[in-house]
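Colleague: Pasting protein_10.pdb below, which is PDB, C-alpha atoms, pLDDT in the B column.
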ATOM      1  CA  MET R   1       9.267  19.479  19.115  1.00 47.00           C
ATOM      2  CA  SER R   2       8.547  16.774  21.599  1.00 48.00           C
ATOM      3  CA  LYS R   3      11.112  14.633  23.328  1.00 57.00           C
ATOM      4  CA  SER R   4      12.884  13.620  20.129  1.00 64.00           C
ATOM      5  CA  THR R   5      15.843  15.511  18.814  1.00 83.00           C
ATOM      6  CA  GLN R   6      16.302  16.533  15.210  1.00 86.00           C
ATOM      7  CA  LYS R   7      19.122  13.992  14.944  1.00 88.00           C
ATOM      8  CA  GLN R   8      16.787  11.145  15.970  1.00 88.00           C
ATOM      9  CA  ILE R   9      14.195  12.311  13.469  1.00 88.00           C
ATOM     10  CA  ASP R  10      16.787  12.518  10.689  1.00 88.00           C
ATOM     11  CA  ASN R  11      18.050   9.012  11.562  1.00 89.00           C
ATOM     12  CA  VAL R  12      14.545   7.535  11.374  1.00 89.00           C
ATOM     13  CA  ILE R  13      13.828   9.259   8.053  1.00 90.00           C
ATOM     14  CA  ASN R  14      17.207   8.318   6.558  1.00 91.00           C
ATOM     15  CA  ASN R  15      16.856   4.678   7.633  1.00 90.00           C
ATOM     16  CA  LEU R  16      13.383   4.558   6.168  1.00 89.00           C
ATOM     17  CA  LEU R  17      14.583   6.057   2.885  1.00 90.00           C
ATOM     18  CA  ARG R  18      17.534   3.690   2.750  1.00 91.00           C
ATOM     19  CA  PHE R  19      15.276   0.634   2.758  1.00 90.00           C
ATOM     20  CA  ASN R  20      12.339   2.117   0.880  1.00 87.00           C
ATOM     21  CA  LYS R  21      13.223   4.589  -1.876  1.00 85.00           C
ATOM     22  CA  GLU R  22       9.707   6.076  -2.140  1.00 87.00           C
ATOM     23  CA  PRO R  23       7.762   5.313   1.038  1.00 90.00           C
ATOM     24  CA  SER R  24       4.125   6.264   1.416  1.00 89.00           C
ATOM     25  CA  SER R  25       3.135   9.067   3.751  1.00 88.00           C
ATOM     26  CA  ALA R  26       1.355   6.483   5.941  1.00 87.00           C
ATOM     27  CA  CYS R  27       4.627   4.597   6.361  1.00 89.00           C
ATOM     28  CA  VAL R  28       6.494   7.785   7.318  1.00 90.00           C
ATOM     29  CA  ARG R  29       3.732   8.816   9.743  1.00 89.00           C
ATOM     30  CA  LYS R  30       3.867   5.408  11.392  1.00 88.00           C
ATOM     31  CA  ARG R  31       7.632   5.606  11.911  1.00 89.00           C
ATOM     32  CA  LEU R  32       7.574   9.204  13.167  1.00 89.00           C
ATOM     33  CA  LYS R  33       4.831   8.419  15.687  1.00 87.00           C
ATOM     34  CA  PHE R  34       7.306   6.194  17.516  1.00 86.00           C
ATOM     35  CA  LEU R  35       9.322   9.328  18.287  1.00 87.00           C
ATOM     36  CA  ASP R  36       6.455  10.869  20.257  1.00 83.00           C
ATOM     37  CA  LEU R  37       6.122  13.830  17.880  1.00 86.00           C
ATOM     38  CA  THR R  38       3.069  16.024  17.724  1.00 87.00           C
ATOM     39  CA  LYS R  39       0.805  15.752  14.704  1.00 86.00           C
ATOM     40  CA  ILE R  40       1.967  19.174  13.506  1.00 88.00           C
ATOM     41  CA  ASP R  41       5.624  18.105  13.661  1.00 88.00           C
ATOM     42  CA  ILE R  42       4.889  14.873  11.803  1.00 88.00           C
ATOM     43  CA  GLU R  43       2.986  16.707   9.070  1.00 87.00           C
ATOM     44  CA  HIS R  44       5.814  19.238   8.756  1.00 89.00           C
ATOM     45  CA  HIS R  45       8.356  16.482   8.104  1.00 90.00           C
ATOM     46  CA  ILE R  46       6.022  14.735   5.671  1.00 89.00           C
ATOM     47  CA  ASP R  47       5.473  18.016   3.811  1.00 89.00           C
ATOM     48  CA  VAL R  48       9.230  18.498   3.478  1.00 90.00           C
ATOM     49  CA  LEU R  49       9.599  14.967   2.091  1.00 90.00           C
ATOM     50  CA  TYR R  50       6.764  15.602  -0.391  1.00 88.00           C
ATOM     51  CA  GLN R  51       8.481  18.766  -1.579  1.00 89.00           C
ATOM     52  CA  GLN R  52      11.709  16.832  -2.054  1.00 90.00           C
ATOM     53  CA  GLY R  53       9.835  14.154  -4.039  1.00 88.00           C
ATOM     54  CA  LYS R  54      10.782  11.401  -1.591  1.00 90.00           C
ATOM     55  CA  ILE R  55       7.238  10.262  -0.760  1.00 90.00           C
ATOM     56  CA  ASN R  56       5.066   8.498  -3.294  1.00 89.00           C
ATOM     57  CA  ASP R  57       1.422   7.917  -2.419  1.00 91.00           C
ATOM     58  CA  ARG R  58       0.355   7.365  -6.028  1.00 92.00           C
ATOM     59  CA  PRO R  59      -0.167   3.576  -5.756  1.00 92.00           C
ATOM     60  CA  ASN R  60      -2.328   3.990  -2.657  1.00 93.00           C
ATOM     61  CA  ILE R  61      -4.210   6.933  -4.138  1.00 95.00           C
ATOM     62  CA  GLU R  62      -4.846   5.010  -7.357  1.00 95.00           C
ATOM     63  CA  LYS R  63      -6.170   2.012  -5.439  1.00 95.00           C
ATOM     64  CA  ASP R  64      -8.519   4.243  -3.419  1.00 95.00           C
ATOM     65  CA  ALA R  65      -9.566   6.233  -6.517  1.00 95.00           C
ATOM     66  CA  LEU R  66     -10.520   3.007  -8.301  1.00 95.00           C
ATOM     67  CA  LYS R  67     -12.612   2.029  -5.265  1.00 95.00           C
ATOM     68  CA  CYS R  68     -14.374   5.386  -5.543  1.00 94.00           C
ATOM     69  CA  LEU R  69     -14.994   4.791  -9.230  1.00 93.00           C
ATOM     70  CA  ARG R  70     -16.445   1.335  -8.530  1.00 93.00           C
ATOM     71  CA  ALA R  71     -18.701   2.955  -5.912  1.00 93.00           C
ATOM     72  CA  PHE R  72     -19.935   5.337  -8.673  1.00 93.00           C
ATOM     73  CA  TYR R  73     -18.480   8.429  -6.980  1.00 94.00           C
ATOM     74  CA  GLY R  74     -18.232  11.537  -9.071  1.00 93.00           C
ATOM     75  CA  ARG R  75     -14.783  13.058  -9.396  1.00 92.00           C
ATOM     76  CA  GLN R  76     -15.443  15.756  -6.784  1.00 92.00           C
ATOM     77  CA  ARG R  77     -16.599  13.270  -4.127  1.00 94.00           C
ATOM     78  CA  ALA R  78     -13.614  11.034  -4.861  1.00 94.00           C
ATOM     79  CA  LYS R  79     -11.330  14.028  -4.420  1.00 93.00           C
ATOM     80  CA  GLU R  80     -12.913  14.881  -1.052  1.00 93.00           C
ATOM     81  CA  LYS R  81     -12.657  11.289   0.135  1.00 93.00           C
ATOM     82  CA  LEU R  82      -9.012  11.037  -0.871  1.00 94.00           C
ATOM     83  CA  LYS R  83      -8.143  14.334   0.818  1.00 90.00           C
ATOM     84  CA  ASP R  84      -9.664  12.959   4.026  1.00 88.00           C
ATOM     85  CA  SER R  85      -7.065  10.173   3.799  1.00 85.00           C
ATOM     86  CA  GLN R  86      -4.237  12.706   4.249  1.00 83.00           C
ATOM     87  CA  TYR R  87      -2.724  12.213   0.822  1.00 87.00           C
ATOM     88  CA  ASN R  88      -0.833  14.966  -0.933  1.00 84.00           C
ATOM     89  CA  ALA R  89      -3.223  17.235  -2.884  1.00 85.00           C
ATOM     90  CA  MET R  90      -1.016  17.424  -5.998  1.00 86.00           C
ATOM     91  CA  GLN R  91      -0.674  13.643  -6.172  1.00 90.00           C
ATOM     92  CA  ILE R  92      -4.445  13.287  -5.687  1.00 93.00           C
ATOM     93  CA  GLU R  93      -5.123  15.601  -8.646  1.00 93.00           C
ATOM     94  CA  GLN R  94      -2.627  13.778 -10.873  1.00 93.00           C
ATOM     95  CA  VAL R  95      -4.043  10.352 -10.074  1.00 95.00           C
ATOM     96  CA  LEU R  96      -7.670  11.478 -10.415  1.00 95.00           C
ATOM     97  CA  ASP R  97      -6.846  13.003 -13.795  1.00 94.00           C
ATOM     98  CA  SER R  98      -5.550   9.646 -15.005  1.00 94.00           C
ATOM     99  CA  VAL R  99      -8.264   7.486 -13.392  1.00 94.00           C
ATOM    100  CA  TYR R 100     -11.211   9.667 -14.430  1.00 93.00           C
ATOM    101  CA  LYS R 101      -9.892  10.793 -17.840  1.00 93.00           C
ATOM    102  CA  ASP R 102     -11.940   8.295 -19.869  1.00 92.00           C
ATOM    103  CA  VAL R 103     -14.954   8.261 -17.567  1.00 92.00           C
ATOM    104  CA  ASP R 104     -18.201   9.574 -19.015  1.00 94.00           C
ATOM    105  CA  GLU R 105     -19.806  11.395 -16.070  1.00 92.00           C
ATOM    106  CA  TYR R 106     -23.270  10.908 -17.513  1.00 94.00           C
ATOM    107  CA  GLN R 107     -22.819   7.126 -17.810  1.00 94.00           C
ATOM    108  CA  LEU R 108     -21.333   6.959 -14.320  1.00 94.00           C
ATOM    109  CA  ALA R 109     -24.321   8.827 -12.861  1.00 93.00           C
ATOM    110  CA  LYS R 110     -26.676   6.613 -14.867  1.00 93.00           C
ATOM    111  CA  LYS R 111     -25.072   3.451 -13.473  1.00 93.00           C
ATOM    112  CA  CYS R 112     -25.255   4.913  -9.988  1.00 93.00           C
ATOM    113  CA  LYS R 113     -28.960   5.727 -10.359  1.00 92.00           C
ATOM    114  CA  LYS R 114     -29.673   2.297 -11.846  1.00 92.00           C
ATOM    115  CA  GLU R 115     -27.891   0.558  -8.962  1.00 92.00           C
ATOM    116  CA  LYS R 116     -29.802   2.438  -6.267  1.00 90.00           C
ATOM    117  CA  PHE R 117     -33.158   3.337  -7.850  1.00 89.00           C
ATOM    118  CA  GLY R 118     -33.539   1.238 -10.990  1.00 86.00           C
ATOM    119  CA  LEU R 119     -33.980   2.450 -14.551  1.00 81.00           C
ATOM    120  CA  GLY R 120     -37.456   3.965 -14.227  1.00 82.00           C
ATOM    121  CA  GLN R 121     -38.324   7.615 -13.926  1.00 83.00           C
ATOM    122  CA  PRO R 122     -39.052   9.169 -10.512  1.00 84.00           C
ATOM    123  CA  GLU R 123     -42.537   8.276  -9.325  1.00 86.00           C
ATOM    124  CA  ASN R 124     -43.222  11.626  -7.665  1.00 89.00           C
ATOM    125  CA  ASP R 125     -41.504  14.804  -6.483  1.00 90.00           C
ATOM    126  CA  GLU R 126     -40.245  13.197  -3.289  1.00 92.00           C
ATOM    127  CA  HIS R 127     -38.686  10.310  -5.201  1.00 90.00           C
ATOM    128  CA  HIS R 128     -37.172  12.819  -7.646  1.00 91.00           C
ATOM    129  CA  SER R 129     -35.652  14.740  -4.710  1.00 92.00           C
ATOM    130  CA  GLN R 130     -34.237  11.553  -3.207  1.00 93.00           C
ATOM    131  CA  ILE R 131     -32.509  10.683  -6.469  1.00 93.00           C
ATOM    132  CA  VAL R 132     -31.101  14.192  -6.864  1.00 94.00           C
ATOM    133  CA  PHE R 133     -29.870  14.290  -3.271  1.00 95.00           C
ATOM    134  CA  TYR R 134     -28.274  10.855  -3.510  1.00 95.00           C
ATOM    135  CA  LEU R 135     -26.454  11.593  -6.761  1.00 95.00           C
ATOM    136  CA  GLN R 136     -25.265  14.975  -5.466  1.00 94.00           C
ATOM    137  CA  LYS R 137     -24.016  13.310  -2.295  1.00 94.00           C
ATOM    138  CA  LEU R 138     -21.889  11.002  -4.437  1.00 94.00           C
ATOM    139  CA  GLY R 139     -20.353  13.983  -6.223  1.00 94.00           C
ATOM    140  CA  HIS R 140     -22.277  14.073  -9.475  1.00 94.00           C
ATOM    141  CA  LYS R 141     -22.834  17.473 -11.047  1.00 94.00           C
ATOM    142  CA  MET R 142     -26.306  18.976 -11.140  1.00 95.00           C
ATOM    143  CA  PRO R 143     -26.451  19.423 -14.958  1.00 95.00           C
ATOM    144  CA  THR R 144     -25.588  15.728 -15.371  1.00 94.00           C
ATOM    145  CA  ILE R 145     -28.252  14.736 -12.832  1.00 93.00           C
ATOM    146  CA  MET R 146     -30.926  16.866 -14.484  1.00 93.00           C
ATOM    147  CA  LYS R 147     -30.053  15.490 -17.931  1.00 93.00           C
ATOM    148  CA  LEU R 148     -30.318  11.965 -16.540  1.00 91.00           C
ATOM    149  CA  LEU R 149     -33.701  12.598 -14.929  1.00 89.00           C
ATOM    150  CA  GLN R 150     -35.139  14.294 -18.026  1.00 87.00           C
ATOM    151  CA  GLU R 151     -34.245  11.289 -20.185  1.00 80.00           C
ATOM    152  CA  ARG R 152     -37.212   9.138 -21.134  1.00 62.00           C
TER     153      ARG R 152
END
Do you think you could lay out the structure here as structure tokens?
Modeller:
Amino acid sequence: MSKSTQKQIDNVINNLLRFNKEPSSACVRKRLKFLDLTKIDIEHHIDVLYQQGKINDRPNIEKDALKCLRAFYGRQRAKEKLKDSQYNAMQIEQVLDSVYKDVDEYQLAKKCKKEKFGLGQPENDEHHSQIVFYLQKLGHKMPTIMKLLQER
């Protein structure tokens, strides 16, 4: 560990938990950074708090997942984006399950295509490839994309 002692770390965590029963991981990271800890040490303490159920990122994850849905991201791309935000993987899965449970992937991909390329069919092979690449980049599954492009 860096210059901070375990007692200082425990005091910061306990004070944080006293005033905020379920802080977000971002809040804990912010407080632990003041102690001049390494990133590995900070992540270790956050992992312990996750395991104890004392950190709740669900509201933040849900907000970000809904942004992904509004941006027409497929579930897989949303999952990747949320993992980049350093949220807990189990909480990400739980929130994505609830946010994407009633989402029709085909309709989502269709809206995405309409927004970017319009309703018409691809004009040529290059245009077809652009649509496929774009939809894949946003996390839509290939069978869904092919079904969408075969529709007349």
Colleague: Which residues match the PyMOL selection byres ((chain R and resi 61) around 12) in the file above, as an MDAnalysis selection string?
Modeller: chainID R and resid 24:26 56:60 62:68 78:79 81:99
Colleague: To one decimal place in Å, what is the distance between CA of Pro122 in chain R and CA of Leu69 in chain R?
Modeller: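 So the answer is 24.5 Å.
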Colleague: Rounded to one decimal, what separation in Å do you get between CA of Ala71 in chain R and CA of Glu151 in chain R?
Modeller: 22.7 Å
Colleague: Which of these residues is nearest to Gln76 in chain R, using only C-alpha atoms: R:Met146, R:Cys112, R:Leu35, R:Leu138?
Modeller: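 That would be R:Leu138, the residue with the smallest distance to Gln76 in chain R.
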Colleague: Spell out the residues picked by the PyMOL selection byres ((chain R and resi 109) around 8) here, as a PyMOL selection string.
Modeller: chain R and resi 72+74+105-108+110-113+135+140+144-145+148
Colleague: Take CA of Leu32 in chain R and CA of Val12 in chain R and report the distance between them in Å, one decimal.
Modeller: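 These two atoms are separated by 7.4 Å.
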Colleague: Which centre and which edge lengths, in Å to one decimal, describe the axis-aligned box that holds all listed atoms of range 25-42 of chain R after 3 Å is added on each side, as lines of an AutoDock Vina configuration file?
Modeller:
center_x = 5.1
center_y = 11.9
center_z = 12.0
size_x = 14.5
size_y = 20.6
size_z = 22.5
Colleague: Of the candidates R:Val103, R:Ile9, R:Val28, R:Ile131, which shows the shortest atom-to-atom distance to Glu43 in chain R, using only C-alpha atoms?
Modeller: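 Ranked by minimum distance to Glu43 in chain R, first place goes to R:Val28.
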Colleague: Using only C-alpha atoms for the distances, tell me which of R:Leu149, R:Leu49, R:Ile13, R:Met142 is nearest to Phe34 in chain R.
Modeller: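 Counting only C-alpha atoms, the residue closest to Phe34 in chain R is R:Ile13.
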Colleague: Pick from R:Gln150, R:Ile40, R:Gln8, R:Glu22: nearest to Gln121 in chain R, with all atoms listed in the file counted?
Modeller: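 Selected residue with least distance to Gln121 in chain R: R:Gln150.
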Colleague: In terms of the shortest atom-to-atom distance over only C-alpha atoms, which of R:Asn20, R:Arg70, R:Arg31, R:Asp36 is closest to Lys54 in chain R?
Modeller: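 Among R:Asn20, R:Arg70, R:Arg31, R:Asp36, it is R:Asn20 that comes nearest to Lys54 in chain R.
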Colleague: Go through R:Gly139, R:His128, R:Ile46, R:Gly53 one by one, measure the shortest atom-to-atom distance of each to Lys33 in chain R using only C-alpha atoms, and give the residue with the smallest value.
Modeller: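 Selected residue with least distance to Lys33 in chain R: R:Ile46.
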